[in-house]
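Undergrad: Before anything else, here's the structure in question.
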Amino acid sequence: METRILGKDLKVTAIGLGCMGFSHGYGKPTDVDEAIKNIRAAYDMGYRFFDTAEIYQGTNPDGSTNYNEELVGKALHDVRDQVVIATKFGIAAHEGNGLKVDSSPETIRKSVEGSLKRLNTDHIDLYYQHRIDPNVEPETVAKVMQELMDEGKITHWGISEANEDYLRRANAVCKVTAVQNRYSMMYREYEDLFPVLEELNVGLVAFSPLANGLLTGQIKQSTFSDKDLRNKMPQFKPEALKKNQELLDLLDEIAARHDATPAQISLAWMINKKPYIVPIPGSRHLNRIEDNLKAAQIKMSADEVVRIDKALDAVPMSDVFGGTKIEKK
């Protein structure tokens, strides 16, 4: 499996596994034993970069809490020194249509201890601030990250949904290894941040790289369960699915040239665009997990990436989910 370096020295596979869906966001959580088995199967396939978060949790059929971090920890415990585990702090709760955030130093310290315990590990390889807390200065968060590094509880840190000002201020206090931002063929707003990432030597870990599954080309109608977050996403409305057909046709055309799937092309496009981009697609299904991994083998020239960008600029697209608003205190 091809590897990449995030920041100064964090070595990861060119594609990581987003583990959220096993517990959170897509309806009923996966059976615990099956989830652990599938995460371990991803390791056996070649994945060495696994992404989870404190807030990723669901309710099992028996009423117990399905903690995503526990699944990851159990699946990878005996190969812990061979993998990079990323987790996140800073989202206290989902409230209504917004997120309650808390990045106070006291909460961060409580969160890291909880994550270490659930992951059954003595350190976290990449610890993200899950969302920016408008009530806490970036310098304050970065200072705590440096303290946690000095204590050996984390080795690298990052910021999710980072903007330039916040990133620069945080990085000046404690070196940032990566930002984890939403990025896909349908959501390219953060390309404006690329020059800053290159200047500061910060990696981009791309979440939702398949636009929550739309870019697989497999979703023909929005028939999701009641608790599936995609019910509220604009790209899955019936009229949007029709509007996005030209985009999916473009993906099919490119995929045919590479003897690949649309999902693989969506991932390969960003991997070939910049050497510091690492997508973390998620799936519960082993065939799709394996399919995504193979995208790292697809080579595109710089000219082809530019041609795809121009085609994306011209093709009609619906609105796409751009994140959940922060509920301010």
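By convention in this document, the chains of the structure tokens carry letters A, B, ... by their order, each chain's residues are numbered from 1, and ligands are numbered from 1 in the order they are shown.
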With region 206-222 of chain A as the partner and 12 Å as the cut-off, tabulate the residues of region 1-55 of chain A that qualify, each row holding the nearest pair of atoms and their distance in Å to one decimal, using only C-alpha atoms, sorted by chain and rising number, as JSON lines.

TA:
```
{"residue": "A:Ala14", "atom": "CA", "partner": "A:Ala206", "partner_atom": "CA", "distance": 11.1}
{"residue": "A:Ile15", "atom": "CA", "partner": "A:Ala206", "partner_atom": "CA", "distance": 9.6}
{"residue": "A:Gly16", "atom": "CA", "partner": "A:Ala206", "partner_atom": "CA", "distance": 9.5}
{"residue": "A:Leu17", "atom": "CA", "partner": "A:Phe207", "partner_atom": "CA", "distance": 9.9}
{"residue": "A:Gly18", "atom": "CA", "partner": "A:Phe207", "partner_atom": "CA", "distance": 7.8}
{"residue": "A:Cys19", "atom": "CA", "partner": "A:Phe207", "partner_atom": "CA", "distance": 11.1}
{"residue": "A:Met20", "atom": "CA", "partner": "A:Phe207", "partner_atom": "CA", "distance": 10.7}
{"residue": "A:Gly21", "atom": "CA", "partner": "A:Asn212", "partner_atom": "CA", "distance": 10.4}
{"residue": "A:Gly25", "atom": "CA", "partner": "A:Asn212", "partner_atom": "CA", "distance": 10.5}
{"residue": "A:Tyr26", "atom": "CA", "partner": "A:Asn212", "partner_atom": "CA", "distance": 10.0}
{"residue": "A:Asp51", "atom": "CA", "partner": "A:Phe207", "partner_atom": "CA", "distance": 9.7}
{"residue": "A:Thr52", "atom": "CA", "partner": "A:Phe207", "partner_atom": "CA", "distance": 11.4}
```

Undergrad: Please tabulate, as JSON lines, the residues of region 39-123 of chain A that come within 12 Å of region 271-284 of chain A, each with its closest pair of atoms and the distance in Å to one decimal, counting only C-alpha atoms and ordering rows by chain, then residue number upward.

TA:
```
{"residue": "A:Ile39", "atom": "CA", "partner": "A:Arg284", "partner_atom": "CA", "distance": 8.8}
{"residue": "A:Ala41", "atom": "CA", "partner": "A:Arg284", "partner_atom": "CA", "distance": 11.2}
{"residue": "A:Ala42", "atom": "CA", "partner": "A:Arg284", "partner_atom": "CA", "distance": 10.4}
{"residue": "A:Tyr47", "atom": "CA", "partner": "A:Ile280", "partner_atom": "CA", "distance": 10.4}
{"residue": "A:Arg48", "atom": "CA", "partner": "A:Ile280", "partner_atom": "CA", "distance": 11.3}
{"residue": "A:Phe49", "atom": "CA", "partner": "A:Ile280", "partner_atom": "CA", "distance": 8.4}
{"residue": "A:Phe50", "atom": "CA", "partner": "A:Ile280", "partner_atom": "CA", "distance": 8.1}
{"residue": "A:Asp51", "atom": "CA", "partner": "A:Ile280", "partner_atom": "CA", "distance": 7.5}
{"residue": "A:Thr52", "atom": "CA", "partner": "A:Gly282", "partner_atom": "CA", "distance": 10.4}
{"residue": "A:Ala86", "atom": "CA", "partner": "A:Ile280", "partner_atom": "CA", "distance": 10.9}
```

Undergrad: Go ahead and save the residues from that selection, with N, CA and C atoms, as a PDB file, in the first residue's frame.

TA:
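Resulting contents of out_22.pdb:
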```pdb
ATOM      1  N   ILE A  39     -13.413  -4.056  10.691  1.00  0.00           N
ATOM      2  CA  ILE A  39     -12.289  -3.129  10.867  1.00  0.00           C
ATOM      3  C   ILE A  39     -10.977  -3.899  10.810  1.00  0.00           C
ATOM      4  N   ALA A  41     -10.563  -6.720   9.246  1.00  0.00           N
ATOM      5  CA  ALA A  41     -10.402  -7.144   7.851  1.00  0.00           C
ATOM      6  C   ALA A  41      -9.791  -6.033   7.015  1.00  0.00           C
ATOM      7  N   ALA A  42     -10.145  -4.778   7.320  1.00  0.00           N
ATOM      8  CA  ALA A  42      -9.552  -3.650   6.602  1.00  0.00           C
ATOM      9  C   ALA A  42      -8.044  -3.595   6.848  1.00  0.00           C
ATOM     10  N   TYR A  47      -5.023  -1.433   5.015  1.00  0.00           N
ATOM     11  CA  TYR A  47      -5.238  -0.153   5.688  1.00  0.00           C
ATOM     12  C   TYR A  47      -4.353  -0.073   6.935  1.00  0.00           C
ATOM     13  N   ARG A  48      -3.765   1.105   7.139  1.00  0.00           N
ATOM     14  CA  ARG A  48      -2.982   1.331   8.347  1.00  0.00           C
ATOM     15  C   ARG A  48      -3.338   2.658   9.019  1.00  0.00           C
ATOM     16  N   PHE A  49      -4.381   3.317   8.528  1.00  0.00           N
ATOM     17  CA  PHE A  49      -4.793   4.627   9.037  1.00  0.00           C
ATOM     18  C   PHE A  49      -6.290   4.558   9.311  1.00  0.00           C
ATOM     19  N   PHE A  50      -6.663   4.709  10.584  1.00  0.00           N
ATOM     20  CA  PHE A  50      -8.047   4.521  10.996  1.00  0.00           C
ATOM     21  C   PHE A  50      -8.531   5.760  11.739  1.00  0.00           C
ATOM     22  N   ASP A  51      -9.732   6.217  11.379  1.00  0.00           N
ATOM     23  CA  ASP A  51     -10.270   7.471  11.907  1.00  0.00           C
ATOM     24  C   ASP A  51     -11.542   7.226  12.703  1.00  0.00           C
ATOM     25  N   THR A  52     -11.591   7.789  13.905  1.00  0.00           N
ATOM     26  CA  THR A  52     -12.768   7.676  14.754  1.00  0.00           C
ATOM     27  C   THR A  52     -12.937   8.997  15.511  1.00  0.00           C
ATOM     28  N   ALA A  86      -6.439   7.907  14.550  1.00  0.00           N
ATOM     29  CA  ALA A  86      -6.831   9.303  14.744  1.00  0.00           C
ATOM     30  C   ALA A  86      -8.182   9.340  15.429  1.00  0.00           C
TER      31      ALA A  86
END
```

Undergrad: Name the closest residue to Lys175 (chain A) among the candidates A:Ile5, A:Met233, A:Ile308, A:Met145; distances are taken between atoms, counting only C-alpha atoms.

TA: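 So, comparing all the options, the nearest one is A:Met145.
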
Undergrad: From a DSSP calculation on the backbone, collect every residue of region 12-192 of chain A in strand (DSSP E) and output the set as number ranges by chain.

TA: A: 12-13, 17-18, 49-51, 57-59, 65-67, 84-89, 91-95, 98-101, 126-129, 157-160, 178-182

Undergrad: Generate a file of the selected residues that holds C-alpha atoms, formatted as a CSV table (one decimal), in the first residue's frame.

TA:
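The result, stored in selection-v4.csv:
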```csv
chain,number,residue,atom,x,y,z
A,12,VAL,CA,0.0,6.9,6.9
A,13,THR,CA,-1.4,4.8,4.1
A,17,LEU,CA,-10.7,4.1,6.8
A,18,GLY,CA,-13.3,6.4,8.2
A,49,PHE,CA,-4.8,4.6,9.0
A,50,PHE,CA,-8.0,4.5,11.0
A,51,ASP,CA,-10.3,7.5,11.9
A,57,GLN,CA,-21.6,6.5,19.2
A,58,GLY,CA,-25.0,4.8,18.7
A,59,THR,CA,-27.3,2.6,20.7
A,65,THR,CA,-23.9,2.4,23.9
A,66,ASN,CA,-22.0,1.5,20.8
A,67,TYR,CA,-18.7,3.5,21.2
A,84,VAL,CA,-2.1,5.1,13.0
A,85,ILE,CA,-5.2,5.9,15.0
A,86,ALA,CA,-6.8,9.3,14.7
A,87,THR,CA,-9.6,10.4,17.0
A,88,LYS,CA,-11.2,13.7,17.9
A,89,PHE,CA,-12.4,15.9,20.8
A,91,ILE,CA,-18.1,18.2,20.0
A,92,ALA,CA,-20.0,17.9,23.2
A,93,ALA,CA,-23.4,16.9,21.7
A,94,HIS,CA,-25.7,17.1,18.7
A,95,GLU,CA,-28.5,19.5,19.6
A,98,GLY,CA,-26.6,22.2,15.4
A,99,LEU,CA,-23.5,21.1,17.3
A,100,LYS,CA,-22.7,22.0,20.9
A,101,VAL,CA,-18.9,22.4,21.0
A,126,LEU,CA,-3.4,12.1,15.6
A,127,TYR,CA,-5.7,14.0,17.9
A,128,TYR,CA,-8.1,16.4,16.2
A,129,GLN,CA,-10.1,19.3,17.4
A,157,TRP,CA,-2.6,17.0,16.4
A,158,GLY,CA,-4.9,18.5,13.9
A,159,ILE,CA,-7.9,20.6,13.3
A,160,SER,CA,-11.2,19.6,11.5
A,178,ALA,CA,-3.1,17.8,9.5
A,179,VAL,CA,-6.4,19.5,8.9
A,180,GLN,CA,-9.4,17.2,8.4
A,181,ASN,CA,-11.7,19.0,6.1
A,182,ARG,CA,-14.7,18.1,4.0
```

Undergrad: Name all residues at most 10 Å from His285 (chain A) (count only C-alpha atoms; drop same-chain ones fewer than 6 positions away) and give them as a ChimeraX atom specification.

TA: /A:22,35,38,291

Undergrad: Please measure the separation of CA of Met45 (chain A) and CA of Ala255 (chain A), giving the value in Å to one decimal.

TA: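 Distance reported for this atom pair: 22.4 Å.
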
Undergrad: What does the distance from CA of Asp319 (chain A) to CA of Ser225 (chain A) come to in Å, to one decimal?

TA: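 These two atoms are separated by 21.4 Å.
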
Undergrad: Near Val315 (chain A), counting only C-alpha atoms, which residues have an atom at most 7 Å away, once you skip same-chain residues fewer than 2 positions from it, shown as a VMD selection string?

TA: chain A and resid 246 to 247 311 to 313 317

Undergrad: Write out as a PyMOL selection string all residues of region 50-239 of chain A that backbone DSSP assigns to helix (DSSP H, G or I).

TA: chain A and resi 68-82+105-119+138-150+164-173+189-200+211-216+229-232+234-236+238-239
